[in-house]
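K.L.:
final_16.cif is reproduced in full below (mmCIF, C-alpha atoms and all ligand atoms).
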```
data_coords
loop_
_atom_site.label_atom_id
_atom_site.label_comp_id
_atom_site.auth_asym_id
_atom_site.auth_seq_id
_atom_site.Cartn_x
_atom_site.Cartn_y
_atom_site.Cartn_z
CA MET A 107 -50.81 18.89 119.76
CA SER A 108 -51.64 16.99 116.59
CA ASP A 109 -49.34 14.13 117.54
CA VAL A 110 -51.25 13.41 120.77
CA PRO A 111 -53.92 11.15 119.23
CA GLY A 112 -51.29 9.31 117.26
CA HIS A 113 -49.15 9.01 120.34
CA GLY A 114 -52.08 7.59 122.21
CA ARG A 115 -52.89 5.11 119.45
CA ASN A 116 -49.41 3.79 119.03
CA PRO A 117 -49.09 1.77 122.28
CA ARG A 118 -52.50 0.22 121.58
CA TRP A 119 -51.35 -1.06 118.20
CA GLN A 120 -48.19 -2.33 119.82
CA THR A 121 -50.32 -4.24 122.30
CA VAL A 122 -52.41 -5.74 119.49
CA ALA A 123 -49.28 -6.62 117.55
CA LEU A 124 -47.72 -8.22 120.62
CA SER A 125 -50.93 -10.17 121.29
CA LEU A 126 -50.92 -11.47 117.71
CA LEU A 127 -47.27 -12.39 118.07
CA ALA A 128 -48.06 -14.21 121.31
CA LEU A 129 -50.92 -16.07 119.62
CA ALA A 130 -48.65 -16.99 116.74
CA LEU A 131 -46.04 -18.30 119.17
CA VAL A 132 -48.63 -20.31 121.07
CA ALA A 133 -49.99 -21.73 117.81
CA ALA A 134 -46.46 -22.59 116.68
CA ALA A 135 -45.69 -24.22 120.02
CA CYS A 136 -48.94 -26.22 119.91
CA SER A 137 -48.44 -27.46 116.37
CA LYS A 138 -44.83 -28.33 117.15
CA THR A 139 -45.93 -30.32 120.21
CA THR A 140 -48.56 -32.14 118.16
CA THR A 141 -46.23 -33.09 115.33
CA SER A 142 -43.35 -34.18 117.55
CA SER A 143 -45.40 -36.01 120.20
CA PRO A 144 -44.65 -39.73 120.24
CA THR A 145 -47.31 -42.22 119.31
CA THR A 146 -46.36 -44.27 122.37
CA PRO A 147 -49.62 -45.23 124.08
CA LEU A 148 -49.97 -43.99 127.65
CA THR A 149 -51.80 -46.21 130.11
CA LYS A 150 -52.79 -44.82 133.48
CA VAL A 151 -52.47 -47.33 136.27
CA PHE A 152 -53.22 -46.48 139.87
CA VAL A 153 -52.97 -48.32 143.16
CA GLN A 154 -55.71 -48.30 145.74
CA LYS A 155 -56.11 -50.70 148.66
CA PHE A 156 -52.97 -52.60 147.60
CA ARG A 157 -54.37 -53.38 144.14
CA TYR A 158 -53.41 -52.13 140.68
CA HIS A 159 -56.31 -50.59 138.75
CA GLY A 160 -56.64 -49.54 135.13
CA MET A 161 -54.16 -51.98 133.63
CA PRO A 162 -55.55 -54.05 130.72
CA LYS A 163 -55.09 -57.83 130.85
CA SER A 164 -53.60 -57.72 127.36
CA ILE A 165 -51.73 -55.06 125.37
CA SER A 166 -49.98 -54.96 122.02
CA SER A 167 -46.23 -55.42 121.76
CA GLY A 168 -43.98 -52.41 121.35
CA LEU A 169 -43.26 -49.20 123.16
CA HIS A 170 -45.54 -48.31 126.07
CA GLN A 171 -45.72 -45.61 128.67
CA PHE A 172 -47.38 -46.15 132.01
CA LEU A 173 -48.32 -43.48 134.50
CA PHE A 174 -48.30 -45.20 137.87
CA GLU A 175 -50.24 -43.20 140.45
CA ASN A 176 -50.39 -43.92 144.16
CA LYS A 177 -53.98 -43.07 145.11
CA GLU A 178 -54.11 -44.61 148.58
CA SER A 179 -56.10 -42.71 151.21
CA PHE A 180 -53.26 -43.09 153.74
CA PRO A 181 -49.52 -42.37 153.51
CA ILE A 182 -47.62 -45.35 152.08
CA THR A 183 -45.00 -46.15 149.48
CA HIS A 184 -45.84 -48.41 146.55
CA GLU A 185 -44.02 -49.41 143.39
CA MET A 186 -44.87 -50.95 140.04
CA ILE A 187 -41.94 -53.15 139.07
CA PRO A 188 -42.24 -54.89 135.69
CA VAL A 189 -41.02 -58.49 135.49
CA GLU A 190 -41.23 -61.11 132.78
CA LEU A 191 -42.89 -64.35 133.83
CA PRO A 192 -41.19 -67.55 132.70
CA ALA A 193 -43.34 -70.17 130.96
CA GLY A 194 -45.76 -71.77 133.40
CA LYS A 195 -45.37 -69.09 136.08
CA THR A 196 -48.17 -66.77 137.12
CA ALA A 197 -48.86 -63.85 139.44
CA GLN A 198 -49.75 -66.41 142.12
CA ASP A 199 -46.16 -67.67 142.05
CA ILE A 200 -44.87 -64.16 142.76
CA THR A 201 -47.31 -63.90 145.66
CA ALA A 202 -46.33 -67.32 147.03
CA ASP A 203 -42.65 -66.45 146.67
CA ALA A 204 -43.12 -63.19 148.59
CA LYS A 205 -44.96 -65.07 151.35
CA GLY A 206 -41.89 -67.28 151.83
CA ALA A 207 -38.81 -66.77 153.95
CA LYS A 208 -37.20 -64.34 151.52
CA GLY A 209 -40.06 -61.89 151.82
CA PRO A 210 -39.17 -58.65 150.02
CA ASP A 211 -35.85 -60.15 148.84
CA SER A 212 -37.83 -62.59 146.69
CA GLU A 213 -37.98 -59.69 144.23
CA ASP A 214 -34.52 -60.76 143.05
CA GLU A 215 -35.91 -64.13 141.92
CA TRP A 216 -37.78 -62.54 139.04
CA LEU A 217 -36.50 -61.30 135.71
CA HIS A 218 -36.73 -57.52 135.80
CA ILE A 219 -37.29 -55.69 132.56
CA GLY A 220 -36.74 -52.06 131.73
CA GLY A 221 -34.84 -51.17 134.84
CA ASP A 222 -35.76 -50.46 138.41
CA PHE A 223 -38.49 -47.85 138.51
CA GLY A 224 -38.72 -45.69 141.58
CA PRO A 225 -41.44 -45.99 144.17
CA ALA A 226 -44.31 -43.53 144.53
CA ASP A 227 -45.57 -42.20 147.84
CA THR A 228 -49.29 -41.49 148.28
CA ASN A 229 -50.44 -38.83 145.79
CA ALA A 230 -47.21 -39.15 143.79
CA SER A 231 -46.74 -40.71 140.36
CA VAL A 232 -44.00 -42.41 138.39
CA VAL A 233 -43.79 -42.60 134.58
CA GLU A 234 -42.43 -45.85 133.20
CA THR A 235 -41.44 -46.35 129.58
CA LEU A 236 -41.07 -49.93 128.44
CA TYR A 237 -40.43 -51.74 125.21
CA LEU A 238 -42.42 -54.94 125.50
CA PRO A 239 -41.92 -57.89 123.16
CA PRO A 240 -44.69 -60.53 123.14
CA GLY A 241 -44.76 -62.52 126.37
CA THR A 242 -46.26 -62.79 129.80
CA TYR A 243 -45.44 -60.14 132.36
CA ALA A 244 -46.45 -58.86 135.75
CA PHE A 245 -46.28 -55.67 137.71
CA ALA A 246 -45.55 -56.20 141.38
CA CYS A 247 -44.77 -54.28 144.55
CA TRP A 248 -42.19 -55.56 147.02
CA GLN A 249 -42.52 -52.63 149.41
CA THR A 250 -43.25 -53.47 153.04
CA GLY A 251 -44.90 -50.36 154.47
CA LYS A 252 -48.00 -50.67 156.61
CA PRO A 253 -51.21 -48.68 156.08
CA SER A 254 -50.50 -46.90 159.35
CA GLY A 255 -47.30 -45.58 157.84
CA VAL A 256 -45.34 -46.94 160.79
CA GLY A 257 -43.26 -50.11 160.91
CA ILE A 258 -42.73 -52.97 158.53
CA GLY A 259 -45.64 -55.07 157.30
CA PRO A 260 -45.99 -57.94 154.88
CA THR A 261 -44.39 -57.63 151.44
CA HIS A 262 -47.16 -56.12 149.34
CA ALA A 263 -46.77 -58.79 146.63
CA SER A 264 -47.51 -61.40 149.32
CA ILE A 265 -50.91 -59.83 149.99
CA GLY A 266 -51.84 -59.69 146.33
CA MET A 267 -50.21 -56.57 144.93
CA VAL A 268 -49.34 -58.32 141.66
CA PHE A 269 -50.94 -57.85 138.25
CA GLN A 270 -50.33 -60.29 135.40
CA PHE A 271 -50.74 -59.21 131.79
CA THR A 272 -50.09 -60.53 128.31
CA VAL A 273 -48.27 -58.76 125.50
CA ALA A 274 -49.36 -60.06 122.12
CU CU B 1 -47.03 -51.62 147.52
#
```
Could you spell out this file's structure in C-alpha cells?
Ligand SMILES: [Cu+2]

P.N.:
Amino acid sequence: MSDVPGHGRNPRWQTVALSLLALALVAAACSKTTTSSPTTPLTKVFVQKFRYHGMPKSISSGLHQFLFENKESFPITHEMIPVELPAGKTAQDITADAKGAKGPDSEDEWLHIGGDFGPADTNASVVETLYLPPGTYAFACWQTGKPSGVGIGPTHASIGMVFQFTVA
C-alpha cells in the first residue's frame, strides 16, 4: 500500500529525466552543428521567366555555395552551368553563340568550371559548390524546353538565360 504513491511518482520522474536528456541531446546536436558548419557563403539564386534572380554582379573569391531554385510557374527544366569567360568575352557572346547553328551544343565552346551540375525541374533545386578564383564568369542554361512543357524550343541561353558576374 505504502509503495503505491512512490510507484506512481517513479514513471513521472523518468519522464522528466528523459525530457532533460532529450533537451541535452538537442542542445548538443545544435552546438555541434553550429561549430562544425562551414563558413562557405550560401547564395540563393532562382530562375523565373527564363532569367536568373538573386545573383550579385560581384562576389569575393573563394569557396561559394549556390542554391539554384527553379521557380517557374509552368513545368520546365532549367540549369545553372558555371563557365569562365575568356578576356573580352561577355554574356552576350554566350547568347549569340547559342543563337547560332550549334544551338544547345554551343555549350561545349565554353570553359566549364566545377563540373556539370544537374538540371532542376520546376519547384526543384540544385546545390552547387564552387571554388572561384578571381575572374569573370557566367551562369547559363542550355536547356531547350518550351514553356508549354512539350517539344523543343530555343536554347535558353539564346533567349537571354545567361548571367555574368565578377569574382574579385
Ligand atoms: Cu533554362

K.L.:
Which residue out of A:Asp214, A:Glu185, A:Glu234, A:Asp227 has the minimum interatomic distance to His262 in chain A when only C-alpha atoms are used?

P.N.:
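Ranked by minimum distance to His262 in chain A, first place goes to A:Glu185.
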
K.L.:
Please check which protein, DNA or RNA residues sit within 12 Å of ligand CU 1 (chain B), counting all atoms listed in the file, and write them as a VMD selection string.

P.N.:
chain A and resid 152 to 158 174 to 178 181 to 187 210 224 to 228 245 to 253 255 258 to 269

K.L.:
Work out how far apart CA of Ala202 in chain A and CA of Ala244 in chain A are and give it in Å to one decimal.

P.N.:
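About the pair CA of Ala202 in chain A and CA of Ala244 in chain A: they are 14.1 Å apart.
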
K.L.:
Between A:Ile165, A:Leu217, A:Val151, A:Ala274, which is the closest to Ile200 in chain A once you count only C-alpha atoms?

P.N.:
A:Leu217

K.L.:
One number please: CA of Val233 in chain A to CA of Leu169 in chain A, in Å, one decimal.

P.N.:
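So the two atoms, CA of Val233 in chain A and CA of Leu169 in chain A, lie 13.2 Å apart.
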
K.L.:
Given all atoms listed in the file as the basis, pick out the residue of A:Ser254, A:Lys150, A:Thr196, A:Val273 nearest to Tyr237 in chain A.

P.N.:
A:Val273

K.L.:
CA of Ile219 in chain A to CA of Leu191 in chain A: how many Å, to one decimal?

P.N.:
10.4 Å

K.L.:
Using all atoms listed in the file, which of the listed residues (A:Glu215, A:Lys205, A:Gln171, A:Pro147) sits closest to Val232 in chain A?

P.N.:
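Smallest distance to Val232 in chain A is found for A:Gln171.
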
K.L.:
Using all atoms listed in the file, pick whichever of A:Thr149, A:Phe172, A:Ser166, A:Phe180 has the shortest atom-to-atom distance to Val256 in chain A.

P.N.:
A:Phe180
